[in-house]
file coords19.cif (mmCIF, C-alpha atoms)
data_my_file
#
loop_
_atom_site.label_atom_id
_atom_site.label_comp_id
_atom_site.auth_asym_id
_atom_site.auth_seq_id
_atom_site.Cartn_x
_atom_site.Cartn_y
_atom_site.Cartn_z
CA MET A 1 0.00 0.00 0.00
CA LYS A 2 1.35 3.45 -0.91
CA ALA A 3 0.11 6.89 0.04
CA PHE A 4 -0.13 9.66 -2.53
CA GLY A 5 -1.32 12.89 -0.88
CA GLN A 6 -4.25 12.12 1.38
CA LEU A 7 -5.53 9.12 -0.59
CA VAL A 8 -4.24 5.65 0.12
CA TYR A 9 -3.83 3.38 -2.87
CA HIS A 10 -3.50 -0.39 -2.86
CA ARG A 11 -1.12 -1.77 -5.46
CA CYS A 12 -2.74 -4.11 -7.94
CA ASN A 13 -0.30 -6.51 -9.58
CA GLY A 14 2.53 -4.27 -8.36
CA ASN A 15 1.41 -1.53 -10.75
CA ALA A 16 0.43 1.90 -9.35
CA ARG A 17 -1.37 2.67 -12.63
CA ASN A 18 -4.03 0.10 -11.66
CA ALA A 19 -4.30 1.48 -8.11
CA ILE A 20 -7.70 1.67 -6.39
CA PRO A 21 -8.53 4.35 -3.78
CA SER A 22 -9.09 2.96 -0.30
CA MET A 23 -12.79 2.66 0.67
CA ALA A 24 -12.04 4.01 4.16
CA ASN A 25 -10.62 7.20 2.65
CA HIS A 26 -13.58 7.53 0.31
CA ARG A 27 -15.98 7.39 3.27
CA LYS A 28 -13.87 9.88 5.25
CA HIS A 29 -13.85 12.37 2.37
CA ARG A 30 -17.60 11.87 1.92
CA GLY A 31 -17.97 12.85 5.59
CA TYR A 32 -15.82 15.99 5.13
CA LYS A 33 -17.82 16.96 2.05
CA THR A 34 -21.15 16.39 3.82
CA GLN A 35 -20.12 18.72 6.67
CA ARG A 36 -19.22 21.42 4.14
CA VAL A 37 -22.50 20.93 2.23
CA VAL A 38 -24.54 21.26 5.46
CA ALA A 39 -22.59 24.35 6.60
CA ASP A 40 -23.02 25.97 3.17
CA TRP A 41 -26.77 25.29 3.25
CA LEU A 42 -27.14 26.68 6.79
CA ARG A 43 -25.52 29.97 5.72
CA GLN A 44 -28.90 30.98 4.25
CA TRP A 45 -29.95 31.66 7.84
CA TYR A 46 -26.66 31.70 9.75
CA PRO A 47 -23.97 33.55 7.74
CA TYR A 48 -21.16 32.43 10.07
CA ALA A 49 -21.86 28.69 9.76
CA GLU A 50 -18.56 26.88 9.17
CA SER A 51 -17.60 23.24 8.88
CA THR A 52 -14.88 22.35 11.38
CA GLY A 53 -13.54 19.50 9.30
CA ALA A 54 -13.45 15.93 10.48
CA GLY A 55 -11.17 14.55 13.14
CA ARG A 56 -11.66 17.53 15.45
CA GLN A 57 -13.31 17.11 18.85
CA GLY A 58 -16.52 19.07 19.42
CA GLU A 59 -19.21 20.40 17.14
CA ASP A 60 -19.09 19.62 13.43
CA ILE A 61 -20.40 23.06 12.47
CA THR A 62 -19.69 26.30 14.32
CA GLY A 63 -21.25 29.76 14.09
CA ILE A 64 -24.80 28.52 14.67
CA PRO A 65 -27.06 28.60 17.77
CA PHE A 66 -27.37 24.80 18.06
CA SER A 67 -25.07 21.80 18.06
CA ILE A 68 -25.06 19.51 15.03
CA GLU A 69 -23.41 16.14 14.64
CA VAL A 70 -23.11 15.42 10.89
CA LYS A 71 -22.97 11.81 9.74
CA ALA A 72 -22.47 10.37 6.26
CA ARG A 73 -22.27 6.70 7.09
CA SER A 74 -23.71 3.44 5.85
CA ASP A 75 -24.32 2.12 9.37
CA PHE A 76 -27.09 3.57 11.52
CA SER A 77 -26.40 4.23 15.22
CA PRO A 78 -28.82 7.02 16.16
CA LEU A 79 -28.49 6.74 19.95
CA ALA A 80 -24.68 6.86 19.81
CA TRP A 81 -24.83 9.83 17.44
CA ILE A 82 -27.29 11.75 19.64
CA LYS A 83 -25.10 11.10 22.67
CA GLN A 84 -22.11 12.41 20.72
CA ALA A 85 -24.03 15.55 19.71
CA GLU A 86 -25.18 16.11 23.29
CA SER A 87 -21.65 15.72 24.66
CA ASN A 88 -20.64 18.67 22.47
CA LYS A 89 -23.70 20.88 22.87
CA GLY A 90 -22.58 23.25 25.62
CA GLY A 91 -26.11 24.39 26.53
CA LYS A 92 -27.39 24.41 22.94
CA ILE A 93 -30.06 22.18 21.45
CA ALA A 94 -28.35 19.19 19.86
CA PHE A 95 -29.39 17.16 16.84
CA VAL A 96 -27.95 14.90 14.16
CA VAL A 97 -27.93 15.45 10.40
CA SER A 98 -27.54 12.18 8.52
CA ARG A 99 -26.71 11.77 4.84
CA CYS A 100 -27.90 8.32 3.79
CA ASN A 101 -26.37 6.25 1.02
CA GLY A 102 -27.78 7.29 -2.33
CA GLN A 103 -28.39 10.91 -1.31
CA GLY A 104 -26.62 13.54 -3.33
CA GLU A 105 -25.28 16.88 -2.15
CA ASN A 106 -28.58 18.64 -1.40
CA ALA A 107 -28.53 19.16 2.37
CA GLU A 108 -32.24 20.00 2.35
CA GLU A 109 -32.90 16.31 1.63
CA TYR A 110 -30.79 14.92 4.49
CA LEU A 111 -32.42 13.47 7.60
CA ALA A 112 -32.30 15.28 10.93
CA PHE A 113 -33.25 13.86 14.29
CA MET A 114 -33.21 14.82 17.96
CA ARG A 115 -34.71 13.77 21.26
CA LEU A 116 -38.50 14.07 21.31
CA GLY A 117 -38.43 16.29 24.41
CA ASP A 118 -36.26 18.87 22.60
CA LEU A 119 -38.49 18.73 19.53
CA MET A 120 -41.66 19.32 21.57
CA ASN A 121 -40.09 22.34 23.29
CA ILE A 122 -39.41 23.84 19.86
CA LEU A 123 -42.83 22.96 18.46
CA ASN A 124 -44.67 24.26 21.50
CA ASP A 125 -42.95 27.64 21.10
CA ARG A 126 -43.97 27.78 17.42
CA ALA A 127 -47.44 26.22 17.70
CA PRO A 128 -48.74 26.39 21.26
CA ASN A 129 -51.74 24.32 22.20
CA ASN A 130 -54.48 26.94 22.19
CA GLU A 131 -57.77 25.81 23.65
CA PRO A 132 -60.62 25.73 21.14
CA THR A 133 -63.60 27.98 21.78
CA ARG A 134 -66.96 28.65 20.13
CA CYS A 135 -67.35 31.56 17.74
CA LYS A 136 -69.74 34.12 19.25
CA GLN A 137 -71.33 34.78 15.85
CA CYS A 138 -71.86 31.36 14.25
CA GLY A 139 -71.09 28.86 17.03
CA SER A 140 -68.37 26.98 15.09
CA TRP A 141 -65.27 25.74 16.85
CA MET A 142 -62.22 27.98 16.43
CA ILE A 143 -58.88 28.66 18.07
CA GLN A 144 -59.14 31.32 20.75
CA ASN A 145 -58.19 34.84 19.55
CA ALA A 146 -58.18 33.71 15.89
CA ILE A 147 -60.47 34.52 12.98
CA CYS A 148 -63.39 32.13 12.59
CA HIS A 149 -62.90 30.41 9.24
CA THR A 150 -66.60 29.46 9.01
CA CYS A 151 -67.67 33.09 9.31
CA GLN A 152 -64.90 34.18 6.95
CA GLN A 153 -65.90 31.66 4.25
CA GLY A 154 -69.63 32.35 4.71
CA GLY A 155 -69.20 36.11 4.31
CA ILE A 156 -70.44 36.85 7.83
CA SER A 157 -69.27 40.22 9.10
CA LEU A 158 -66.33 39.80 11.47
CA ALA A 159 -67.01 43.05 13.33
#

call {"tool": "encode", "arguments": {"input": "coords19.cif", "output": "structure tokens"}}
result
Amino acid sequence: MKAFGQLVYHRCNGNARNAIPSMANHRKHRGYKTQRVVADWLRQWYPYAESTGAGRQGEDITGIPFSIEVKARSDFSPLAWIKQAESNKGGKIAFVVSRCNGQGENAEEYLAFMRLGDLMNILNDRAPNNEPTRCKQCGSWMIQNAICHTCQQGGISLA
């Protein structure tokens, strides 16, 4: 086996011309690339998002208000990955972004997962459970302090 740059090649029949890149290195570079793709995509909202590169302890992407563990692996170990993300979170919400085999370089299509308790805290802030109430004009059920859709569709004055 000989190393040329960062790729490791196995000699085939003693001839470097027929060399094949090592699968381990391919997977490692796929992981580096996935981190960069995710960081680039996150810059739409977080202009300081940066991939830290693989092999470094801590968060995979910095400059964002949460902790992400990025994975581009063929195995699936969600609990281990969540624990790794949480060990790096430093008070932030932690989650995992996973690029599955067969997915290209569109980060929007990657999977993301987190603990259900963290997800519900986020969802409750965005969509609180408002108690339903009856509309005073038509009697239909509606969300408290919202416009009655029945009255709105029926052309009833919403005065």

call {"tool": "residues_around", "arguments": {"input": "coords19.cif", "residues": "stretch 45-62 of chain A", "least_positions_apart": "5", "cutoff": "12 Å", "atoms": "all atoms listed in the file", "output": "ChimeraX atom specification"}}
result
/A:27-40,67-72,81,84-90,92-97

call {"tool": "atom_distance", "arguments": {"input": "coords19.cif", "atom1": "atom CA of A:Gly91", "atom2": "atom CA of A:Phe66"}}
result
8.6 Å

call {"tool": "atom_distance", "arguments": {"input": "coords19.cif", "atom1": "atom CA of A:Asp75", "atom2": "atom CA of A:Leu111"}}
result
14.1 Å

call {"tool": "atom_distance", "arguments": {"input": "coords19.cif", "atom1": "atom CA of A:Leu42", "atom2": "atom CA of A:Gly104"}}
result
16.6 Å

call {"tool": "closest_residue", "arguments": {"input": "coords19.cif", "among": "A:Ile82, A:Ile64, A:Cys151, A:Ala127", "to": "A:Arg115", "atoms": "all atoms listed in the file"}}
result
A:Ile82

call {"tool": "closest_residue", "arguments": {"input": "coords19.cif", "among": "A:Ala146, A:Met120, A:Ala24, A:Ala112", "to": "A:Pro132", "atoms": "only C-alpha atoms"}}
result
A:Ala146
